[in-house]
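Novice: What follows is a structure written as structure tokens; I'll ask about it next.
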Amino acid sequence: MEKVVSLCKRRGFVFQGSEIYGGLSGTWDYGPYGAELAHNIKELWWKHFVTEQENMFGISSSTLMPEAVWKASGHLSGFTDPMIECKKCHHRFRADQTEDKKKCSDCGGELGEEKAFNMMFPVSMGSSGEDVAYLRGEIAQGMFVNFKNVLDTMHLDLPFGLTQIGKAYRNEIAPRDFLFRVREFDLMEFEYFIRPEEWEKYFEMWKGEMWRWIERVGINKDLVHELEVPAEDRAHYSKRTVDFEFDYPFGRKELYGLAYRTNYDLKQHASASGVDLSYFDEDKKEKFIPHVIEPSMGHGRTMLTVLLSAYKEDEMNGEVRTYLAFKPSIAPIKCAVFPLLKNKPELVEKAREIYKMLKKEFGSVAFDDNGNIGKRYRRQDEIGTPFCVTVDFETIEKNTGVTIRDRDTGKQERISISELISYIRSKI
Ligand code: ATP
């Protein structure tokens with residue numbers, strides 16, 4: 001874990017939020033490679049769960065929502081974690097994650113009674129500050145409050161899904177373990193609206209699709225395990241929950257969740273808002289409130305498990321090397337182009353020409369002429385660049401193309417310049 005955290009900082013993937021002011025606990029910022037990786041994961045997720053599927057539609061709803069939404073959804077009363085506080089140093093702990101519930105692990109002081117701590121972030125709105133809104137604790141409510149708008153404008157038949165990727169905020173008692181438990185994070189999630197009698201079929205269908213996603217994005221699936229969540233541990237709205245857990249270096253913990261939320265939320269919002277949120281089945285001539293299956297995937301936990309799965313060390317040319325074996329589809333840089341030597345203008349010129357050609361095609365392409373070629377390969381390995389293209393003397397003198405090096409094996413092959421784009425395209 002320390003090695004991954006340190007690589008993330010050293011190579012500009014992840015920084016502590018507001019670090020120059022000492023950092024804000026539970027927040028992390030992505031640097032250039034982290035932002036690119038984050039973006040690629042979102043794009044791939046969207047492709048996997050929206051554009052490649054039938055009847056899946058994206059929305060993008062506000063992160064600020066009024067108190068009424070959270071009252072109706074049950075979050076104001078039920079979105080809590082058990083908390084205990086030290087009577088001496090006033091440090092707070094998650095009661096369900098604290099082994100000794102009597103003695104403070106920080107100062108040895110006595111711990112107080114267990115209390116329910118609400119994780120919603122209230123925000124006072126307007127100049128008087130009297131109106132209370134909340135930063136959303138989950139993005140699902142955006143799909144529920146827009147259900148009727150989408151149904152009326154798109155004239156959809158069941159089943160269909162409303163999807164979004166966006167920020168959620170939780171006032172976690174004890175943020176920890178890097179990107180695992182934070183106070184602000186992106187969720188990638190959808191509500192799949194169905195007829196109630198079909199819930200088991202679609203639960204299984206999306207479970208299978210989540211496994212395919214795990215493999216596609218490059219999470220080591222041998223470290224992922226399904227957990228059937230017992231009734232007493234399920235969220236207030238769920239009739240069945242399966243968690244996907246991952247073997248993190250700090251223990252087996254939740255990665256994703258899949259829940260059968262019934263029609264709890266739409267029913268609650270219909271009764272609290274007075275707006276009819278039912279669906280009319282034209283064939284059966286009946287009206288009912290659809291049920292939902294909800295696959296919920298944390299983006300930060302995806303980043304973390306992708307990084308942990310991709311981190312590798314091996315020995316190459318007698319040296320230990322570190323590399324990130326990202327799937328090429330999500331690698332922050334798809335390809336790097338090098339002139340073999342910096343002080344040979346003909347090599348540099350040709351390399352820049354190839355760099356421009358590849359950049360136009362793939363966008364995230366790097367150019368590097370700094371230091372010896374071995375070091376340049378190592379730098380790209382460390383950030384997970386799948387291919388490095390080198391322009392050498394043969395390229396110029398014999399017109400035999402360039403070498404292309406594979407990150408994982410270190411093997412190089414010679415390939416003509418005209419084939420470069422299709423070669424890389426076929427692998428990403
Ligand atoms: P946990 O038990 O770990 O607190 P949860 O059961 O409260 O998680 P859900 O409400 O199911 O989590 O949230 C959906 C997903 O959001 C989780 O599967 C996880 O990927 C992600 N997630 C939840 N809380 C956090 C957090 N504090 N930081 C980062 N990701 C989170």
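Letters A, B, ... mark the chains of the structure tokens in the order given; residue numbers begin at 1 per chain; ligand numbers begin at 1, in order shown.
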Could you list, as a PyMOL selection string, all the residues within 7 Å of ligand 1, counting only C-alpha atoms and all ligand atoms?

Specialist: chain A and resi 170+172+175+179-185+187+253-257+296-301

Novice: Could you give me, as a ChimeraX atom specification, the residues within 12 Å of Leu223 of chain A, counting only C-alpha atoms and dropping anything in the same chain fewer than 6 positions from it?

Specialist: /A:214-215,244-249,251-255,305-306,308-309

Novice: Can you tell me, as a list in words, what residues are no more than 8 Å from Cys335 of chain A when counting only C-alpha atoms, ignoring any on the same chain fewer than 2 positions away?

Specialist: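 Result of the neighbour search: Ile333, Val337, Ser364, Val365, Ala366, Thr385, Pro386, Phe387, Cys388 and Val389 of chain A.
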
Novice: Can you tell me which residues surround Phe93 of chain A at a distance of at most 7 Å, considering only C-alpha atoms, apart from same-chain residues fewer than 3 positions away, and format the answer as a PyMOL selection string?

Specialist: chain A and resi 83-85+98+173-174

Novice: Among segment 270-339 of chain A, which residues carry a DSSP assignment of alpha helix (DSSP H), reported as number ranges by chain?

Specialist: A: 270-273, 299-310

Novice: Save the residues we just selected, all heavy atoms, as a short mmCIF file (atom, residue, chain, number, x, y, z; two decimals), in the first residue's frame?

Specialist:
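See again_1.cif below for the written result:
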data_model
loop_
_atom_site.label_atom_id
_atom_site.label_comp_id
_atom_site.auth_asym_id
_atom_site.auth_seq_id
_atom_site.Cartn_x
_atom_site.Cartn_y
_atom_site.Cartn_z
N ALA A 270 -43.17 9.98 -3.95
CA ALA A 270 -44.53 10.24 -4.42
C ALA A 270 -45.38 10.73 -3.25
O ALA A 270 -46.12 11.72 -3.37
CB ALA A 270 -45.13 8.97 -5.03
N SER A 271 -45.24 10.07 -2.12
CA SER A 271 -46.10 10.48 -1.02
C SER A 271 -45.64 11.81 -0.41
O SER A 271 -46.46 12.64 -0.07
CB SER A 271 -46.25 9.34 0.00
OG SER A 271 -45.45 9.56 1.10
N ALA A 272 -44.33 12.07 -0.36
CA ALA A 272 -43.87 13.33 0.24
C ALA A 272 -44.10 14.53 -0.69
O ALA A 272 -44.38 15.64 -0.23
CB ALA A 272 -42.38 13.23 0.58
N SER A 273 -43.98 14.32 -2.01
CA SER A 273 -44.10 15.47 -2.93
C SER A 273 -45.52 15.63 -3.46
O SER A 273 -45.88 16.67 -4.00
CB SER A 273 -43.15 15.27 -4.13
OG SER A 273 -43.58 14.15 -4.90
N HIS A 299 -16.04 5.33 -7.59
CA HIS A 299 -14.98 5.59 -8.56
C HIS A 299 -13.60 5.60 -7.88
O HIS A 299 -12.63 5.05 -8.41
CB HIS A 299 -15.27 6.93 -9.26
CG HIS A 299 -14.21 7.34 -10.22
ND1 HIS A 299 -13.21 8.21 -9.87
CD2 HIS A 299 -13.97 6.99 -11.50
CE1 HIS A 299 -12.41 8.38 -10.91
NE2 HIS A 299 -12.85 7.66 -11.91
N GLY A 300 -13.53 6.17 -6.68
CA GLY A 300 -12.25 6.22 -5.94
C GLY A 300 -11.77 4.82 -5.59
O GLY A 300 -10.59 4.52 -5.68
N ARG A 301 -12.73 3.97 -5.17
CA ARG A 301 -12.33 2.58 -4.84
C ARG A 301 -11.94 1.84 -6.11
O ARG A 301 -11.12 0.92 -6.07
CB ARG A 301 -13.46 1.87 -4.08
CG ARG A 301 -13.58 2.42 -2.67
CD ARG A 301 -14.51 1.63 -1.78
NE ARG A 301 -14.77 2.43 -0.57
CZ ARG A 301 -15.59 2.07 0.39
NH1 ARG A 301 -16.23 0.92 0.32
NH2 ARG A 301 -15.77 2.87 1.44
N THR A 302 -12.51 2.23 -7.25
CA THR A 302 -12.08 1.63 -8.52
C THR A 302 -10.65 2.06 -8.81
O THR A 302 -9.79 1.24 -9.16
CB THR A 302 -13.01 2.07 -9.68
OG1 THR A 302 -14.36 1.81 -9.30
CG2 THR A 302 -12.68 1.33 -10.97
N MET A 303 -10.36 3.37 -8.64
CA MET A 303 -8.99 3.88 -8.86
C MET A 303 -8.02 3.09 -7.98
O MET A 303 -6.98 2.62 -8.44
CB MET A 303 -8.89 5.36 -8.48
CG MET A 303 -9.62 6.32 -9.37
SD MET A 303 -8.73 6.72 -10.89
CE MET A 303 -7.44 7.82 -10.29
N LEU A 304 -8.38 2.96 -6.69
CA LEU A 304 -7.48 2.30 -5.74
C LEU A 304 -7.25 0.83 -6.11
O LEU A 304 -6.10 0.37 -6.15
CB LEU A 304 -8.07 2.42 -4.32
CG LEU A 304 -7.29 1.74 -3.21
CD1 LEU A 304 -5.86 2.27 -3.12
CD2 LEU A 304 -7.99 1.94 -1.86
N THR A 305 -8.32 0.11 -6.44
CA THR A 305 -8.15 -1.32 -6.73
C THR A 305 -7.48 -1.53 -8.09
O THR A 305 -6.75 -2.51 -8.27
CB THR A 305 -9.49 -2.07 -6.65
OG1 THR A 305 -10.48 -1.36 -7.40
CG2 THR A 305 -9.98 -2.19 -5.22
N VAL A 306 -7.71 -0.61 -9.02
CA VAL A 306 -7.02 -0.70 -10.31
C VAL A 306 -5.51 -0.48 -10.07
O VAL A 306 -4.67 -1.21 -10.59
CB VAL A 306 -7.59 0.34 -11.31
CG1 VAL A 306 -6.61 0.62 -12.43
CG2 VAL A 306 -8.91 -0.15 -11.89
N LEU A 307 -5.18 0.53 -9.26
CA LEU A 307 -3.76 0.80 -8.97
C LEU A 307 -3.11 -0.38 -8.23
O LEU A 307 -2.01 -0.81 -8.56
CB LEU A 307 -3.63 2.08 -8.13
CG LEU A 307 -3.78 3.40 -8.91
CD1 LEU A 307 -4.14 4.55 -7.98
CD2 LEU A 307 -2.48 3.72 -9.67
N LEU A 308 -3.83 -0.91 -7.22
CA LEU A 308 -3.27 -2.03 -6.46
C LEU A 308 -3.10 -3.26 -7.35
O LEU A 308 -2.14 -4.01 -7.21
CB LEU A 308 -4.19 -2.38 -5.28
CG LEU A 308 -4.21 -1.38 -4.11
CD1 LEU A 308 -5.37 -1.68 -3.16
CD2 LEU A 308 -2.90 -1.39 -3.34
N SER A 309 -4.05 -3.47 -8.28
CA SER A 309 -3.97 -4.63 -9.17
C SER A 309 -2.87 -4.45 -10.21
O SER A 309 -2.25 -5.42 -10.66
CB SER A 309 -5.29 -4.86 -9.90
OG SER A 309 -6.36 -4.97 -9.00
N ALA A 310 -2.63 -3.20 -10.62
CA ALA A 310 -1.67 -2.94 -11.71
C ALA A 310 -0.22 -2.86 -11.22
O ALA A 310 0.71 -3.04 -12.00
CB ALA A 310 -2.04 -1.64 -12.42
#

Novice: Within 10 Å of segment 30-49 of chain A, which residues of segment 164-247 of chain A show up? Give each one with its shortest atom-to-atom distance in Å (one decimal) and the two atoms involved, counting only C-alpha atoms, rows by chain then rising residue number, as a tab-separated table.

Specialist:
residue	atom	partner	partner_atom	distance
A:Gln164	CA	A:Trp46	CA	8.7
A:Ile165	CA	A:Lys42	CA	7.6
A:Gly166	CA	A:Lys42	CA	9.9
A:Asp186	CA	A:Lys42	CA	9.6
A:Leu187	CA	A:Lys42	CA	9.7
A:Met188	CA	A:Lys42	CA	7.7
A:Glu189	CA	A:Phe49	CA	9.2
A:Phe190	CA	A:Phe49	CA	8.7
A:Trp206	CA	A:Phe49	CA	9.5
A:Glu209	CA	A:Phe49	CA	8.2
A:Met210	CA	A:Phe49	CA	9.0
A:Arg212	CA	A:His48	CA	9.0
A:Trp213	CA	A:His48	CA	7.1
A:Arg216	CA	A:Leu44	CA	8.7
A:Val217	CA	A:Ile41	CA	7.2

Novice: Find the residues near Pro122 of chain A: any atom within 7 Å, counting only C-alpha atoms, skip ones fewer than 2 places away on the same chain, and give them as a tab-separated table (two decimals) with all heavy atoms, in the first residue's frame.

Specialist:
chain	number	residue	atom	x	y	z
A	120	MET	N	-24.72	13.05	6.57
A	120	MET	CA	-25.07	14.05	5.57
A	120	MET	C	-24.38	15.38	5.88
A	120	MET	O	-24.22	15.76	7.04
A	120	MET	CB	-26.59	14.26	5.54
A	120	MET	CG	-27.38	13.05	5.10
A	120	MET	SD	-27.07	12.57	3.41
A	120	MET	CE	-27.79	13.94	2.51
A	124	SER	N	-26.05	25.78	4.42
A	124	SER	CA	-27.09	26.80	4.54
A	124	SER	C	-27.09	27.63	3.26
A	124	SER	O	-26.04	28.04	2.76
A	124	SER	CB	-26.89	27.66	5.78
A	124	SER	OG	-25.61	28.20	5.77
A	132	VAL	N	-32.06	25.16	4.44
A	132	VAL	CA	-31.04	24.13	4.54
A	132	VAL	C	-31.15	23.20	3.34
A	132	VAL	O	-32.23	22.72	3.01
A	132	VAL	CB	-31.20	23.31	5.84
A	132	VAL	CG1	-30.13	22.21	5.90
A	132	VAL	CG2	-31.08	24.21	7.04
A	133	ALA	N	-30.02	23.01	2.68
A	133	ALA	CA	-29.94	22.00	1.63
A	133	ALA	C	-28.87	21.02	2.09
A	133	ALA	O	-28.21	21.23	3.12
A	133	ALA	CB	-29.57	22.63	0.30
A	134	TYR	N	-28.70	19.94	1.35
A	134	TYR	CA	-27.66	18.98	1.70
A	134	TYR	C	-26.85	18.63	0.47
A	134	TYR	O	-27.39	18.50	-0.63
A	134	TYR	CB	-28.29	17.69	2.25
A	134	TYR	CG	-28.82	17.88	3.65
A	134	TYR	CD1	-30.09	18.41	3.85
A	134	TYR	CD2	-28.05	17.55	4.76
A	134	TYR	CE1	-30.57	18.61	5.14
A	134	TYR	CE2	-28.52	17.75	6.05
A	134	TYR	CZ	-29.79	18.28	6.23
A	134	TYR	OH	-30.25	18.47	7.50
A	135	LEU	N	-25.54	18.49	0.66
A	135	LEU	CA	-24.71	17.91	-0.39
A	135	LEU	C	-25.11	16.45	-0.46
A	135	LEU	O	-25.23	15.79	0.58
A	135	LEU	CB	-23.23	18.00	-0.01
A	135	LEU	CG	-22.63	19.40	0.04
A	135	LEU	CD1	-21.18	19.31	0.55
A	135	LEU	CD2	-22.64	20.03	-1.34

Novice: Hey, which bits of segment 106-162 of chain A sit within 12 Å of segment 56-79 of chain A, and for each residue what's the closest pair of atoms and how far apart in Å (one decimal), counting only C-alpha atoms, rows by chain and increasing number, as JSON lines?

Specialist:
{"residue": "A:Ala116", "atom": "CA", "partner": "A:Gly78", "partner_atom": "CA", "distance": 8.9}
{"residue": "A:Phe117", "atom": "CA", "partner": "A:Phe79", "partner_atom": "CA", "distance": 8.2}
{"residue": "A:Asn118", "atom": "CA", "partner": "A:Phe79", "partner_atom": "CA", "distance": 5.7}
{"residue": "A:Met119", "atom": "CA", "partner": "A:Phe79", "partner_atom": "CA", "distance": 6.2}
{"residue": "A:Met120", "atom": "CA", "partner": "A:Phe79", "partner_atom": "CA", "distance": 7.3}
{"residue": "A:Phe121", "atom": "CA", "partner": "A:Leu64", "partner_atom": "CA", "distance": 10.0}
{"residue": "A:Pro122", "atom": "CA", "partner": "A:Glu67", "partner_atom": "CA", "distance": 8.7}
{"residue": "A:Val123", "atom": "CA", "partner": "A:Leu64", "partner_atom": "CA", "distance": 8.4}
{"residue": "A:Ser124", "atom": "CA", "partner": "A:Pro66", "partner_atom": "CA", "distance": 10.3}
{"residue": "A:Met125", "atom": "CA", "partner": "A:Pro66", "partner_atom": "CA", "distance": 9.7}
{"residue": "A:Glu130", "atom": "CA", "partner": "A:Glu67", "partner_atom": "CA", "distance": 11.8}
{"residue": "A:Asp131", "atom": "CA", "partner": "A:Pro66", "partner_atom": "CA", "distance": 8.4}
{"residue": "A:Val132", "atom": "CA", "partner": "A:Glu67", "partner_atom": "CA", "distance": 6.3}
{"residue": "A:Ala133", "atom": "CA", "partner": "A:Pro66", "partner_atom": "CA", "distance": 4.3}
{"residue": "A:Tyr134", "atom": "CA", "partner": "A:Met65", "partner_atom": "CA", "distance": 5.5}
{"residue": "A:Leu135", "atom": "CA", "partner": "A:Leu64", "partner_atom": "CA", "distance": 4.8}
{"residue": "A:Arg136", "atom": "CA", "partner": "A:Thr63", "partner_atom": "CA", "distance": 5.4}
{"residue": "A:Gly137", "atom": "CA", "partner": "A:His75", "partner_atom": "CA", "distance": 8.1}
{"residue": "A:Glu138", "atom": "CA", "partner": "A:Thr63", "partner_atom": "CA", "distance": 9.2}
{"residue": "A:Ile139", "atom": "CA", "partner": "A:Thr63", "partner_atom": "CA", "distance": 7.8}
{"residue": "A:Ala140", "atom": "CA", "partner": "A:Ser61", "partner_atom": "CA", "distance": 9.7}
{"residue": "A:Gln141", "atom": "CA", "partner": "A:Val69", "partner_atom": "CA", "distance": 7.6}
{"residue": "A:Gly142", "atom": "CA", "partner": "A:Ser61", "partner_atom": "CA", "distance": 5.4}
{"residue": "A:Met143", "atom": "CA", "partner": "A:Ile59", "partner_atom": "CA", "distance": 7.6}
{"residue": "A:Phe144", "atom": "CA", "partner": "A:Ser73", "partner_atom": "CA", "distance": 9.7}
{"residue": "A:Val145", "atom": "CA", "partner": "A:Val69", "partner_atom": "CA", "distance": 8.1}
{"residue": "A:Asn146", "atom": "CA", "partner": "A:Ser61", "partner_atom": "CA", "distance": 8.3}
{"residue": "A:Phe147", "atom": "CA", "partner": "A:Ile59", "partner_atom": "CA", "distance": 10.3}
{"residue": "A:Asn149", "atom": "CA", "partner": "A:Ile59", "partner_atom": "CA", "distance": 10.9}
{"residue": "A:Val150", "atom": "CA", "partner": "A:Ile59", "partner_atom": "CA", "distance": 9.0}
{"residue": "A:Leu151", "atom": "CA", "partner": "A:Phe57", "partner_atom": "CA", "distance": 11.0}
{"residue": "A:Met154", "atom": "CA", "partner": "A:Phe57", "partner_atom": "CA", "distance": 9.8}
{"residue": "A:Leu156", "atom": "CA", "partner": "A:Phe57", "partner_atom": "CA", "distance": 10.2}
{"residue": "A:Asp157", "atom": "CA", "partner": "A:Met56", "partner_atom": "CA", "distance": 11.4}
{"residue": "A:Leu158", "atom": "CA", "partner": "A:Met56", "partner_atom": "CA", "distance": 10.8}
{"residue": "A:Pro159", "atom": "CA", "partner": "A:Met56", "partner_atom": "CA", "distance": 9.2}
{"residue": "A:Phe160", "atom": "CA", "partner": "A:Met56", "partner_atom": "CA", "distance": 5.8}
{"residue": "A:Gly161", "atom": "CA", "partner": "A:Met56", "partner_atom": "CA", "distance": 4.6}
{"residue": "A:Leu162", "atom": "CA", "partner": "A:Phe57", "partner_atom": "CA", "distance": 5.1}

Novice: Compare A:Val275, A:Ala325, A:Leu258, A:Leu24 by their minimum atom-to-atom distance to Asn220 of chain A, counting only C-alpha atoms, and give me the closest one.

Specialist: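 Checking each of A:Val275, A:Ala325, A:Leu258, A:Leu24 against Asn220 of chain A, counting only C-alpha atoms, the winner is A:Ala325.
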
Novice: From the list A:Glu349, A:Asp408, A:Glu382, A:Glu204, which residue is nearest Asp369 of chain A when using only C-alpha atoms?

Specialist: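 Among the listed residues, the smallest separation from Asp369 of chain A belongs to A:Glu349.
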
Novice: I need the residue nearest His236 of chain A from this list: A:Cys8, A:Lys101, A:Gly371, A:Thr80. Use only C-alpha atoms for the distance.

Specialist: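 So, comparing all the options, the nearest one is A:Thr80.
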
Novice: Quick one: of A:Leu111, A:Arg195, A:Glu394, A:Ser127, who's nearest to Asp281 of chain A, counting only C-alpha atoms?

Specialist: A:Arg195

Novice: Residues within 6 Å of Trp28 of chain A, please, as a PyMOL selection string. Count only C-alpha atoms; anything in the same chain fewer than 2 positions from it doesn't count.

Specialist: chain A and resi 15-17
